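Engineer: Here it is, the structure in full.
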Amino acid sequence: MHPELTRIRRRLRVACDEAGVPAEDRARLVLAVTLLAEPALAAGEAVDVTTTAAGHRLAVTARFARAVGQSRRNALPLLPEAGDDGVLTWHLTSGPGPADPADPDDERATRQEMLALIARADTLDREQRDLKHELAETNSGVLAMYVGLEQRDERLRHAHAVIFRELEDALRPPAPAVPGLELAVHYSPTDQDSPTGGDLYDWFVLPGGELHVTLVDAVGHGVTSTRDALTVTHAIRTLALEGHPFPDLISRAARALATIEAGLMATLLLARVDPATGRTRLANGSHPEPVLVTAGGDARLLPAAVIGRGIGFPAPGSPRLVELDLTPGDTLLLYTDGLVESRKDIDEGQDRLLALAREHHARPAAALPRELVTRMHDVVTYADDTVAIVVRRT
């Protein structure tokens, strides 16, 4: 992210906090300014943002080198004043109670705002459904109002789609650059209009150069499962970066989370890959078995006997690691159960997955996850979020 954009986002959050602006309004403002400022700054153009607080109202003005037309203003998640020039102004008011302050860290603040927006979107969806139900039971004289509501609902869905794309980017980190490895991921939500759920991943490079991958499937649906999955990935990342032994990460995370998140349940799969040697270790907590695809096209499930228990289950942890050496051209496929349970038979799904992995083993790593998900979901009788991750040694 451009340094100036980070400063602008921080300035907006501080101003909103001081004025008592609710978190969801702050999130929409930050996202609206980001959507306009990011391409302008990338093009070398100046962006000037000023804030003025008066009583319970906050005025925010952003000045851009190029004009921002009304049609583009209408597509923003928070609408500014009407106009066609390069100056945009938003007016916000404080909420009925104290606002949750924004985290000073940009990434954590974005996640905080994402959860507020998702919660607000869920509330709006419920209100829309209730209102449409009430209107449907009225007389024909209200039918015109119902049609207008449908049109408004379509505009809301379009605005939500813009927000959700930004939120999805915040939730799902891009692949780190690891010399010697090719990484790719594909995420398929249950509902294309609401790409949030309990299937999340995290990957990063440890100080010693090893790649760490965490794949989580939290029990539940919607905002709650998203929050639970985020909690698990953050706990594992913290423990890993603190240097705790890889075999102990699941059990340590489970003990830590049991005291602060009662009732949280999640399966997870951890992978640790040395790009220099190909040495790979896997710790499995109640998660579907990963697949190894060799450079020659053979594909097999990695041993099921080593599957342990996930977080929230009795005796959590992985009793024994899977250890293997990836040779050049070998591919490791990690996935959540939505990939193999679309026809409700996990054994049949795993058999199909192995056959497809053999058939498409020569595909570029960047295209393989999407190809596998698309073909596995040719028939869907049970819809679930799906994540597929590929790690290939070059």
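Identifiers in the structure tokens: chain A, B, ... in order shown; residue index from 1 per chain; ligand index from 1 in order shown.
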Could you write out, as a PyMOL selection string, all the residues of stretch 98-253 of chain A that DSSP marks as strand (DSSP E)?
Structural biologist: chain A and resi 181-188+199-205+211-218
Engineer: Could you tell me how far atom CA of A:Leu241 sits from atom CA of A:Leu206, in Å to one decimal place?
Structural biologist: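 Computed distance, atom CA of A:Leu206 to atom CA of A:Leu241, equals 6.8 Å.
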Engineer: Please provide the set of residues having any atom within 12 Å of stretch 360-366 of chain A, restricted to only C-alpha atoms, with same-chain residues fewer than 6 positions apart removed, written as a VMD selection string.
Structural biologist: chain A and resid 175 181 to 186 291 to 299 329 to 333 353 to 354 372 375 388 to 394
Engineer: Check the smallest atom-to-atom distance from each of A:Leu78, A:Val47, A:Leu88, A:Ala40 to A:Val60 using only C-alpha atoms, then report the winner.
Structural biologist: A:Leu88
Engineer: Fewer than 3 positions away in the same chain doesn't count, so skip those; otherwise give me all residues within 9 Å of A:Tyr382, counting only C-alpha atoms, as a list of chain:residue names.
Structural biologist: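 So, after excluding close chain neighbours, the residues are A:Gly338, A:Glu341, A:Ser342, A:Arg343, A:Lys344.
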Engineer: How would the residues just picked look written out with N, CA and C atoms as an mmCIF file, in the first residue's frame?
Structural biologist:
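Just written: out19.cif:
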```
data_model
loop_
_atom_site.group_PDB
_atom_site.id
_atom_site.type_symbol
_atom_site.label_atom_id
_atom_site.label_comp_id
_atom_site.auth_asym_id
_atom_site.auth_seq_id
_atom_site.Cartn_x
_atom_site.Cartn_y
_atom_site.Cartn_z
ATOM 1 N N GLY A 338 -15.388 -28.564 1.628
ATOM 2 C CA GLY A 338 -16.328 -28.200 0.568
ATOM 3 C C GLY A 338 -15.899 -28.685 -0.803
ATOM 4 N N GLU A 341 -17.048 -32.662 -0.718
ATOM 5 C CA GLU A 341 -18.361 -33.056 -0.209
ATOM 6 C C GLU A 341 -19.512 -32.439 -0.994
ATOM 7 N N SER A 342 -19.229 -31.913 -2.206
ATOM 8 C CA SER A 342 -20.293 -31.265 -2.971
ATOM 9 C C SER A 342 -21.394 -32.243 -3.372
ATOM 10 N N ARG A 343 -21.054 -33.544 -3.423
ATOM 11 C CA ARG A 343 -22.082 -34.560 -3.721
ATOM 12 C C ARG A 343 -22.426 -35.382 -2.480
ATOM 13 N N LYS A 344 -22.026 -34.883 -1.299
ATOM 14 C CA LYS A 344 -22.343 -35.466 0.006
ATOM 15 C C LYS A 344 -21.611 -36.764 0.309
#
```
Engineer: Pick out each residue of stretch 88-261 of chain A that DSSP on the backbone tags as helix (DSSP H, G or I); I need them as a PyMOL selection string.
Structural biologist: chain A and resi 106-136+140-171+222-241+246-258
